[in-house]
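S.K.: My structure file final07.txt, compact mmCIF, C-alpha atoms and all ligand atoms, is below:
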```txt
# COMPACT_ATOMS: atom_id res chain seq x y z
CA ARG A 16 0.00 0.00 0.00
CA VAL A 17 2.80 2.44 0.91
CA PHE A 18 4.62 1.53 -2.28
CA ILE A 19 1.48 2.17 -4.34
CA SER A 20 0.74 5.50 -2.68
CA LEU A 21 4.31 6.68 -3.38
CA LEU A 22 4.11 5.72 -7.04
CA PRO A 23 3.10 8.56 -9.41
CA LYS A 24 0.29 7.25 -11.62
CA ALA A 25 -1.84 8.44 -14.52
CA GLU A 26 -5.58 7.82 -14.80
CA LEU A 27 -6.27 7.76 -18.53
CA HIS A 28 -9.58 5.90 -18.76
CA ALA A 29 -12.23 7.34 -16.44
CA HIS A 30 -15.79 8.11 -17.60
CA LEU A 31 -17.10 11.19 -15.82
CA ASN A 32 -20.63 9.92 -15.19
CA GLY A 33 -19.30 6.53 -14.12
CA CYS A 34 -16.92 8.00 -11.54
CA ILE A 35 -19.16 10.30 -9.48
CA PRO A 36 -18.72 9.43 -5.78
CA LEU A 37 -21.91 8.10 -4.17
CA ASP A 38 -21.99 10.93 -1.59
CA CYS A 39 -21.99 13.47 -4.38
CA LEU A 40 -24.81 11.66 -6.23
CA ARG A 41 -26.84 11.56 -3.02
CA GLU A 42 -26.33 15.29 -2.59
CA LEU A 43 -27.46 15.89 -6.19
CA ALA A 44 -30.44 13.58 -5.63
CA ARG A 45 -31.55 15.72 -2.67
CA ASP A 46 -31.81 18.76 -4.95
CA TYR A 47 -33.42 16.82 -7.78
CA ALA A 48 -37.10 17.56 -8.34
CA PRO A 49 -38.30 15.56 -11.37
CA GLU A 50 -40.99 17.19 -13.45
CA ALA A 51 -43.68 15.25 -15.29
CA GLY A 52 -42.08 12.73 -17.63
CA GLU A 53 -38.67 12.87 -15.93
CA PRO A 54 -37.36 9.74 -14.20
CA THR A 55 -37.32 9.23 -10.46
CA VAL A 56 -33.91 8.21 -9.21
CA ASP A 57 -33.02 5.23 -7.06
CA LEU A 58 -29.40 4.98 -5.98
CA THR A 59 -29.69 1.78 -3.94
CA ALA A 60 -28.13 -0.35 -6.69
CA PHE A 61 -24.96 1.72 -6.39
CA ALA A 62 -24.99 1.68 -2.60
CA ASP A 63 -25.40 -2.11 -2.52
CA GLY A 64 -22.81 -2.78 -5.23
CA VAL A 65 -23.98 -3.55 -8.75
CA LYS A 66 -24.23 -7.10 -10.00
CA LEU A 67 -23.99 -7.59 -13.73
CA ASP A 68 -24.84 -10.76 -15.65
CA GLU A 69 -23.10 -9.43 -18.73
CA ILE A 70 -21.59 -6.21 -20.08
CA HIS A 71 -24.78 -5.05 -21.83
CA ASP A 72 -26.52 -4.76 -18.42
CA PHE A 73 -23.96 -2.17 -17.45
CA PHE A 74 -25.34 0.53 -19.75
CA LYS A 75 -28.74 0.42 -18.01
CA LEU A 76 -27.13 2.00 -14.93
CA PHE A 77 -26.62 5.39 -16.52
CA PRO A 78 -30.11 6.94 -16.97
CA ALA A 79 -30.40 7.41 -13.17
CA ILE A 80 -27.06 9.20 -13.06
CA TYR A 81 -27.85 11.25 -16.15
CA ALA A 82 -31.03 12.56 -14.52
CA LEU A 83 -28.84 14.02 -11.77
CA THR A 84 -26.26 15.65 -14.05
CA ALA A 85 -28.66 17.34 -16.46
CA THR A 86 -27.95 20.96 -15.52
CA PRO A 87 -24.66 22.86 -15.93
CA ALA A 88 -24.53 23.50 -12.16
CA ALA A 89 -25.01 19.82 -11.23
CA LEU A 90 -22.52 18.75 -13.88
CA ARG A 91 -19.92 21.11 -12.43
CA VAL A 92 -20.49 19.74 -8.93
CA ALA A 93 -20.12 16.19 -10.27
CA THR A 94 -16.99 17.02 -12.29
CA ARG A 95 -15.34 18.63 -9.28
CA ALA A 96 -16.13 15.59 -7.12
CA VAL A 97 -14.70 13.23 -9.74
CA LEU A 98 -11.50 15.25 -10.08
CA ASP A 99 -11.16 15.53 -6.29
CA GLN A 100 -11.47 11.77 -6.06
CA PHE A 101 -8.36 11.41 -8.20
CA ILE A 102 -6.25 14.48 -7.43
CA GLY A 103 -7.92 16.34 -4.52
CA ASP A 104 -6.42 16.84 -1.06
CA ASP A 105 -8.15 13.73 0.27
CA ALA A 106 -6.83 11.58 -2.58
CA ARG A 107 -3.19 11.65 -1.60
CA GLN A 108 -2.95 7.90 -1.04
CA GLN A 109 -3.83 7.48 -4.71
CA ASN A 110 -0.90 9.64 -5.85
CA CYS A 111 -2.59 10.26 -9.15
CA ALA A 112 -0.27 12.66 -10.95
CA TYR A 113 -2.52 13.24 -13.93
CA VAL A 114 -6.11 12.48 -14.89
CA GLU A 115 -7.51 12.47 -18.40
CA LEU A 116 -11.25 12.51 -17.79
CA ARG A 117 -13.62 11.54 -20.59
CA THR A 118 -17.27 12.36 -21.09
CA THR A 119 -20.00 12.16 -23.73
CA PRO A 120 -21.64 15.58 -24.19
CA ARG A 121 -25.44 15.41 -23.88
CA THR A 122 -28.15 17.84 -24.86
CA THR A 123 -30.68 18.24 -22.05
CA LYS A 124 -33.57 20.59 -21.36
CA HIS A 125 -31.05 22.78 -19.55
CA MET A 126 -28.01 22.81 -21.83
CA THR A 127 -26.64 22.26 -25.32
CA ARG A 128 -23.74 19.90 -26.01
CA LYS A 129 -21.42 22.88 -26.14
CA GLU A 130 -22.66 24.16 -22.78
CA TYR A 131 -22.21 20.65 -21.39
CA LEU A 132 -18.55 20.59 -22.44
CA GLU A 133 -17.94 24.15 -21.28
CA ALA A 134 -19.32 23.31 -17.82
CA VAL A 135 -17.00 20.30 -17.55
CA LEU A 136 -14.02 22.24 -18.90
CA ASP A 137 -14.62 25.11 -16.48
CA GLU A 138 -13.95 22.63 -13.65
CA VAL A 139 -11.17 20.71 -15.41
CA GLU A 140 -9.30 23.96 -16.04
CA LEU A 141 -9.40 24.97 -12.36
CA SER A 142 -6.73 22.32 -11.77
CA PRO A 143 -3.14 22.89 -12.88
CA LYS A 144 -2.58 22.27 -16.58
CA ASP A 145 -0.19 19.39 -15.95
CA ARG A 146 -2.75 17.49 -13.82
CA THR A 147 -5.97 17.34 -15.81
CA ALA A 148 -7.31 17.21 -19.35
CA LEU A 149 -10.51 16.24 -21.12
CA LEU A 150 -11.33 13.67 -23.77
CA VAL A 151 -14.63 14.29 -25.60
CA ALA A 152 -16.48 11.04 -26.19
CA VAL A 153 -18.84 9.91 -28.89
CA ASP A 154 -21.16 7.00 -28.23
CA ARG A 155 -21.45 4.15 -30.75
CA ARG A 156 -25.25 4.52 -30.52
CA MET A 157 -25.20 8.05 -31.95
CA GLU A 158 -26.36 8.91 -35.43
CA GLU A 159 -23.95 10.48 -37.87
CA SER A 160 -25.16 14.08 -37.53
CA VAL A 161 -24.52 13.95 -33.78
CA VAL A 162 -21.10 12.30 -34.16
CA ALA A 163 -20.13 15.00 -36.68
CA GLU A 164 -21.38 17.74 -34.35
CA ILE A 165 -19.37 16.39 -31.40
CA VAL A 166 -16.17 16.02 -33.43
CA ASP A 167 -16.61 19.60 -34.71
CA LEU A 168 -17.14 20.78 -31.13
CA ALA A 169 -14.05 19.01 -29.82
CA ILE A 170 -11.90 20.56 -32.58
CA GLU A 171 -13.44 23.99 -32.01
CA LEU A 172 -12.82 23.89 -28.25
CA LYS A 173 -9.25 22.67 -28.71
CA ASN A 174 -8.56 25.44 -31.23
CA ALA A 175 -10.05 27.96 -28.81
CA GLY A 176 -7.39 26.94 -26.28
CA ARG A 177 -9.70 24.89 -24.03
CA ARG A 178 -8.17 21.82 -22.34
CA VAL A 179 -9.51 19.21 -24.80
CA VAL A 180 -6.65 16.87 -25.72
CA GLY A 181 -8.47 14.05 -27.42
CA MET A 182 -11.58 12.03 -28.20
CA ASP A 183 -12.95 8.64 -27.18
CA LEU A 184 -15.35 6.18 -28.78
CA CYS A 185 -17.46 4.41 -26.14
CA GLY A 186 -20.99 3.16 -25.50
CA GLU A 187 -22.78 -0.11 -26.25
CA PRO A 188 -19.92 -2.21 -27.74
CA LEU A 189 -21.92 -3.76 -30.60
CA ALA A 190 -23.86 -0.71 -31.75
CA GLY A 191 -23.20 1.62 -34.66
CA ASP A 192 -21.60 1.76 -38.06
CA VAL A 193 -17.84 1.63 -37.41
CA HIS A 194 -16.96 2.97 -40.84
CA MET A 195 -19.03 6.10 -40.24
CA LEU A 196 -17.53 6.48 -36.75
CA VAL A 197 -13.97 6.00 -38.03
CA LYS A 198 -14.50 8.61 -40.76
CA HIS A 199 -15.23 11.25 -38.13
CA LEU A 200 -12.68 10.12 -35.54
CA ALA A 201 -9.96 10.16 -38.20
CA ARG A 202 -10.96 13.77 -38.88
CA ALA A 203 -10.40 14.56 -35.18
CA LYS A 204 -6.98 12.91 -35.29
CA LYS A 205 -6.04 14.91 -38.40
CA ALA A 206 -7.02 18.07 -36.55
CA GLY A 207 -4.41 17.29 -33.88
CA LEU A 208 -6.51 15.54 -31.24
CA GLY A 209 -5.50 12.22 -29.74
CA VAL A 210 -8.12 9.50 -30.24
CA THR A 211 -8.78 6.44 -28.11
CA VAL A 212 -11.39 3.81 -28.99
CA HIS A 213 -13.10 1.11 -26.97
CA VAL A 214 -12.25 -1.84 -29.18
CA ALA A 215 -12.89 -5.59 -29.16
CA GLU A 216 -14.58 -5.23 -25.81
CA THR A 217 -16.78 -8.32 -26.16
CA SER A 218 -16.36 -11.72 -27.78
CA ALA A 219 -19.17 -10.75 -30.20
CA ASN A 220 -17.15 -7.89 -31.71
CA THR A 221 -16.11 -9.10 -35.16
CA ALA A 222 -12.57 -9.03 -36.56
CA GLU A 223 -13.92 -6.66 -39.22
CA ASP A 224 -15.23 -4.23 -36.61
CA THR A 225 -11.88 -4.33 -34.83
CA MET A 226 -9.73 -3.88 -37.94
CA ALA A 227 -11.92 -0.96 -39.09
CA LEU A 228 -11.37 0.74 -35.73
CA LEU A 229 -7.62 0.12 -35.88
CA SER A 230 -7.35 1.30 -39.49
CA PHE A 231 -6.79 4.96 -38.65
CA GLU A 232 -4.17 4.13 -36.00
CA PRO A 233 -5.84 5.43 -32.86
CA THR A 234 -3.54 7.03 -30.29
CA ARG A 235 -4.60 4.52 -27.61
CA LEU A 236 -7.05 1.64 -27.20
CA GLY A 237 -9.60 0.95 -24.48
CA HIS A 238 -9.88 -2.66 -23.21
CA ALA A 239 -8.87 -4.41 -26.48
CA THR A 240 -9.88 -7.67 -24.82
CA PHE A 241 -10.71 -9.84 -27.82
CA LEU A 242 -8.07 -8.92 -30.40
CA ASN A 243 -7.22 -11.73 -32.81
CA ASP A 244 -3.63 -12.47 -33.89
CA ASP A 245 -3.71 -10.00 -36.81
CA ALA A 246 -5.07 -7.22 -34.64
CA ARG A 247 -2.52 -7.96 -31.92
CA ALA A 248 0.28 -7.85 -34.50
CA PHE A 249 -0.96 -4.46 -35.75
CA VAL A 250 -1.17 -3.03 -32.23
CA GLU A 251 2.28 -4.35 -31.38
CA GLU A 252 3.83 -3.07 -34.59
CA HIS A 253 2.38 0.42 -34.09
CA ARG A 254 3.03 0.30 -30.34
CA ILE A 255 -0.43 1.59 -29.51
CA PRO A 256 -0.83 1.84 -25.71
CA ILE A 257 -3.71 -0.13 -24.21
CA GLU A 258 -5.87 1.16 -21.36
CA ILE A 259 -6.42 -1.76 -18.99
CA CYS A 260 -9.32 -1.81 -16.51
CA LEU A 261 -8.96 -5.05 -14.54
CA THR A 262 -11.92 -4.80 -12.14
CA SER A 263 -14.23 -3.51 -14.88
CA ASN A 264 -13.41 -6.50 -17.09
CA LEU A 265 -13.97 -8.97 -14.26
CA LEU A 266 -17.29 -7.45 -13.14
CA CYS A 267 -18.59 -7.11 -16.71
CA LYS A 268 -17.55 -10.75 -17.17
CA THR A 269 -15.56 -10.14 -20.35
CA VAL A 270 -12.57 -11.73 -18.60
CA SER A 271 -13.20 -14.63 -16.22
CA THR A 272 -10.11 -14.47 -13.98
CA LEU A 273 -7.00 -12.31 -13.68
CA GLU A 274 -5.02 -15.37 -14.66
CA ASP A 275 -6.74 -15.19 -18.10
CA HIS A 276 -6.44 -11.42 -18.48
CA HIS A 277 -5.02 -10.11 -21.77
CA ILE A 278 -2.70 -7.74 -19.86
CA LYS A 279 -0.37 -10.75 -19.50
CA HIS A 280 0.07 -10.97 -23.27
CA TRP A 281 1.16 -7.33 -23.42
CA LEU A 282 3.39 -7.38 -20.34
CA LEU A 283 5.32 -10.33 -21.77
CA ARG A 284 6.06 -8.20 -24.84
CA ASP A 285 6.93 -5.04 -22.89
CA HIS A 286 4.06 -3.28 -24.65
CA PRO A 287 2.80 -0.01 -23.10
CA VAL A 288 -0.33 -0.41 -20.96
CA ALA A 289 -2.07 2.12 -18.73
CA ILE A 290 -3.81 0.86 -15.59
CA CYS A 291 -7.16 2.63 -15.20
CA THR A 292 -10.44 2.44 -13.27
CA ASP A 293 -13.09 2.93 -16.02
CA ASP A 294 -16.05 3.66 -13.70
CA THR A 295 -15.19 3.93 -10.02
CA LEU A 296 -18.81 4.08 -8.83
CA PRO A 297 -20.33 0.85 -10.18
CA PHE A 298 -17.04 -1.06 -9.99
CA ARG A 299 -16.27 0.27 -6.49
CA THR A 300 -12.64 0.71 -7.32
CA SER A 301 -9.89 3.31 -7.20
CA LEU A 302 -6.65 3.86 -9.07
CA ALA A 303 -4.67 2.64 -6.05
CA GLY A 304 -6.96 -0.42 -5.88
CA GLU A 305 -6.27 -1.30 -9.51
CA TYR A 306 -2.51 -1.06 -8.89
CA ALA A 307 -2.92 -3.23 -5.80
CA LEU A 308 -4.24 -5.97 -8.10
CA LEU A 309 -0.95 -5.91 -10.01
CA LEU A 310 1.06 -6.52 -6.86
CA ALA A 311 -1.17 -8.96 -4.98
CA LYS A 312 -0.23 -12.62 -5.19
CA PRO A 313 -2.37 -14.87 -7.45
CA PRO A 314 -5.21 -15.68 -7.49
CA LEU A 315 -6.14 -12.29 -5.94
CA GLY A 316 -3.72 -10.40 -8.13
CA LEU A 317 -1.11 -10.78 -10.83
CA GLY A 318 1.86 -11.13 -8.48
CA LEU A 319 4.10 -8.59 -10.25
CA SER A 320 7.21 -7.19 -8.57
CA GLU A 321 7.50 -3.58 -7.42
CA ASP A 322 9.97 -2.89 -10.23
CA GLU A 323 7.52 -4.25 -12.79
CA VAL A 324 4.69 -2.16 -11.35
CA SER A 325 6.87 1.00 -11.33
CA ALA A 326 7.67 0.46 -15.00
CA ILE A 327 3.95 0.06 -15.80
CA ALA A 328 3.09 3.30 -13.97
CA GLU A 329 5.80 5.15 -15.85
CA ARG A 330 4.53 3.84 -19.19
CA GLY A 331 1.03 4.95 -18.21
CA LEU A 332 2.26 8.48 -17.62
CA GLY A 333 4.05 8.35 -20.95
CA ALA A 334 0.79 7.44 -22.74
CA ARG A 335 -1.11 10.62 -21.79
CA MET A 336 -2.43 12.75 -24.62
CA GLY A 337 -1.99 16.05 -22.84
CA GLN A 338 1.44 17.68 -22.61
CA MET A 339 3.06 17.98 -19.20
P1 LIG A 401 -20.18 9.83 -19.60
O1 LIG A 401 -19.58 9.74 -20.96
O2 LIG A 401 -21.66 10.05 -19.68
O3 LIG A 401 -19.53 10.84 -18.71
O4 LIG A 401 -19.91 8.42 -18.89
C1 LIG A 401 -20.78 7.32 -18.95
C2 LIG A 401 -20.85 6.70 -20.34
O5 LIG A 401 -19.58 6.18 -20.69
C3 LIG A 401 -21.80 5.50 -20.43
O6 LIG A 401 -23.12 5.88 -20.72
C4 LIG A 401 -21.20 4.67 -21.55
O7 LIG A 401 -21.66 5.12 -22.82
C5 LIG A 401 -19.72 4.98 -21.46
N1 LIG A 401 -19.01 3.90 -20.75
C6 LIG A 401 -18.68 3.85 -19.44
N2 LIG A 401 -18.01 2.71 -19.17
C7 LIG A 401 -17.91 2.04 -20.33
C8 LIG A 401 -17.31 0.79 -20.69
O8 LIG A 401 -16.74 0.03 -19.88
N3 LIG A 401 -17.43 0.42 -22.00
C9 LIG A 401 -18.03 1.20 -22.94
N4 LIG A 401 -18.08 0.76 -24.19
N5 LIG A 401 -18.59 2.38 -22.63
C10 LIG A 401 -18.53 2.79 -21.34
```
Could you rewrite the structure in this file as structure tokens?
Ligand code: 5GP
M.R.:
Amino acid sequence: RVFISLLPKAELHAHLNGCIPLDCLRELARDYAPEAGEPTVDLTAFADGVKLDEIHDFFKLFPAIYALTATPAALRVATRAVLDQFIGDDARQQNCAYVELRTTPRTTKHMTRKEYLEAVLDEVELSPKDRTALLVAVDRRMEESVVAEIVDLAIELKNAGRRVVGMDLCGEPLAGDVHMLVKHLARAKKAGLGVTVHVAETSANTAEDTMALLSFEPTRLGHATFLNDDARAFVEEHRIPIEICLTSNLLCKTVSTLEDHHIKHWLLRDHPVAICTDDTLPFRTSLAGEYALLLAKPPLGLGLSEDEVSAIAERGLGARMGQM
């Protein structure tokens, strides 16, 4: 534990609405007064610890959270709480040196997508420049006009000097037209943004889907659990860092045990990986907790040495999209 808390680490894969601390959500729920047609919110599933039969169940958790972060003011409160969780005064045992937060801009009754991103950025930019940055996410479920709008917005905000360093592709792993998505994400990359994609997250993702997503050489990859040999060779050749979320994979049942985890393939080849939390609320994890899994002896952990874990943390810091 002391070793982990002394180790400078980067959090590169954290979804804003999946990382809001429960206390903060409860506070937002107290102020939440649903109008006709708006959902009521029950947070007991999060308090009790979520149980998922499969990854697709996971996405059903978000409407309750989204109801609570539908105004710019609530979104700012949530963003601050998420950042504090990683780099605030009470988070010292985590020793998170840098957090690249990601979020999918939503239009609500109270804000446009641009106002959504500006609210998040207003909080992100209160922290020192070398500690925080934002990735703007598009969801695989979105239609093309929305994807195009979000890519345009990310480029516009970056060019205006806001702290947007990249984009992410997330959401329901089997949804969407990858070719359409790639067309727009490649445009973001050309405009100077880093791009990470959730790729091969489930065993039902086809090799075609995966190769299409790899075709524009994303800056990093999320999960990359079910890459076939050709895809692995491509990733290795281009040395594309992989964001690894151990607890997330176990709880979503895309990996059955740590012993079987694909991180082992990449560690054997000295390939850059970044250890990340994904969604601290439903997975009840922390950055320090994910690193503890690297050190713990099997079957609880991977049984790596302190030197090996230090090297992984350093590689993680090296994979950030923002400039220190
Ligand atoms: P937000 O982008 O709204 O701040 O964060 C929550 C959203 O991130 C979810 O609605 C979902 O689209 C996406 N997300 C969170 N965790 C995962 C994950 O493990 N896999 C995928 N594919 N998407 C995720």
S.K.: Go ahead and find all residues with at least one atom no further than 8 Å from (-9.0, 11.4, -8.2) in the file's coordinates, using all atoms listed in the file; report them as a ChimeraX atom specification.
M.R.: /A:97-103,106,109,111,114,302
S.K.: Report as a list in words which protein, DNA and RNA residues come within 6 Å of ligand LIG 401 (chain A), using all atoms listed in the file.
M.R.: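 Residues lying within 6 Å of ligand LIG 401 (chain A): His30, Leu31, Asn32, Gly33, Phe74, Phe77, Thr118, Thr119, Asp154, Cys185, Gly186, Glu187, Pro188, His213, Asp293 and Asp294 of chain A.
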S.K.: Using only C-alpha atoms for the distances, tell me which of A:Arg299, A:His276, A:Lys205, A:Arg235 is nearest to Gly333 (chain A).
M.R.: A:Arg235
S.K.: Can you list every residue of region 191-295 of chain A that has an atom at most 8 Å from region 328-332 of chain A, with its nearest atom pair and the distance in Å to one decimal, using only C-alpha atoms, ordered by chain then number, as CSV?
M.R.:
```
residue,atom,partner,partner_atom,distance
A:Pro287,CA,A:Arg330,CA,5.8
A:Val288,CA,A:Gly331,CA,6.2
A:Ala289,CA,A:Gly331,CA,4.2
A:Ile290,CA,A:Gly331,CA,6.9
```
S.K.: Can you tell me which residues surround Val270 (chain A) at a distance of at most 12 Å, considering all atoms listed in the file, apart from same-chain residues fewer than 2 positions away, and format the answer as a list in words?
M.R.: Glu69, Ile70, Glu216, Thr217, Ser218, His238, Ala239, Thr240, Phe241, Ile259, Cys260, Leu261, Thr262, Ser263, Asn264, Leu265, Leu266, Cys267, Lys268, Thr272, Leu273, Glu274, Asp275, His276, His277 and Ile278 of chain A
S.K.: For the atom pair CA of Asp104 (chain A) and CA of Arg91 (chain A), what is the interatomic distance in Å to one decimal place?
M.R.: 18.2 Å
S.K.: By how many Å are CA of Pro54 (chain A) and CA of Ala190 (chain A) apart?
M.R.: 24.5 Å
S.K.: Write out as a PyMOL selection string which residues come within 12 Å of Arg16 (chain A) when counting all atoms listed in the file, dropping same-chain ones fewer than 6 positions away.
M.R.: chain A and resi 22+108-110+302-311+321
S.K.: Could you check how far CA of Ser20 (chain A) sits from CA of Cys291 (chain A), in Å to one decimal?
M.R.: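 Atom-to-atom, CA of Ser20 (chain A) and CA of Cys291 (chain A) are spaced 15.1 Å apart.
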S.K.: For a quick check of understanding, using all atoms listed in the file, which of A:His28, A:Val135, A:Lys124, A:Asp322 has the smallest distance to Pro256 (chain A)?
M.R.: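 Going through A:His28, A:Val135, A:Lys124, A:Asp322 one by one, the smallest distance to Pro256 (chain A) is for A:His28.
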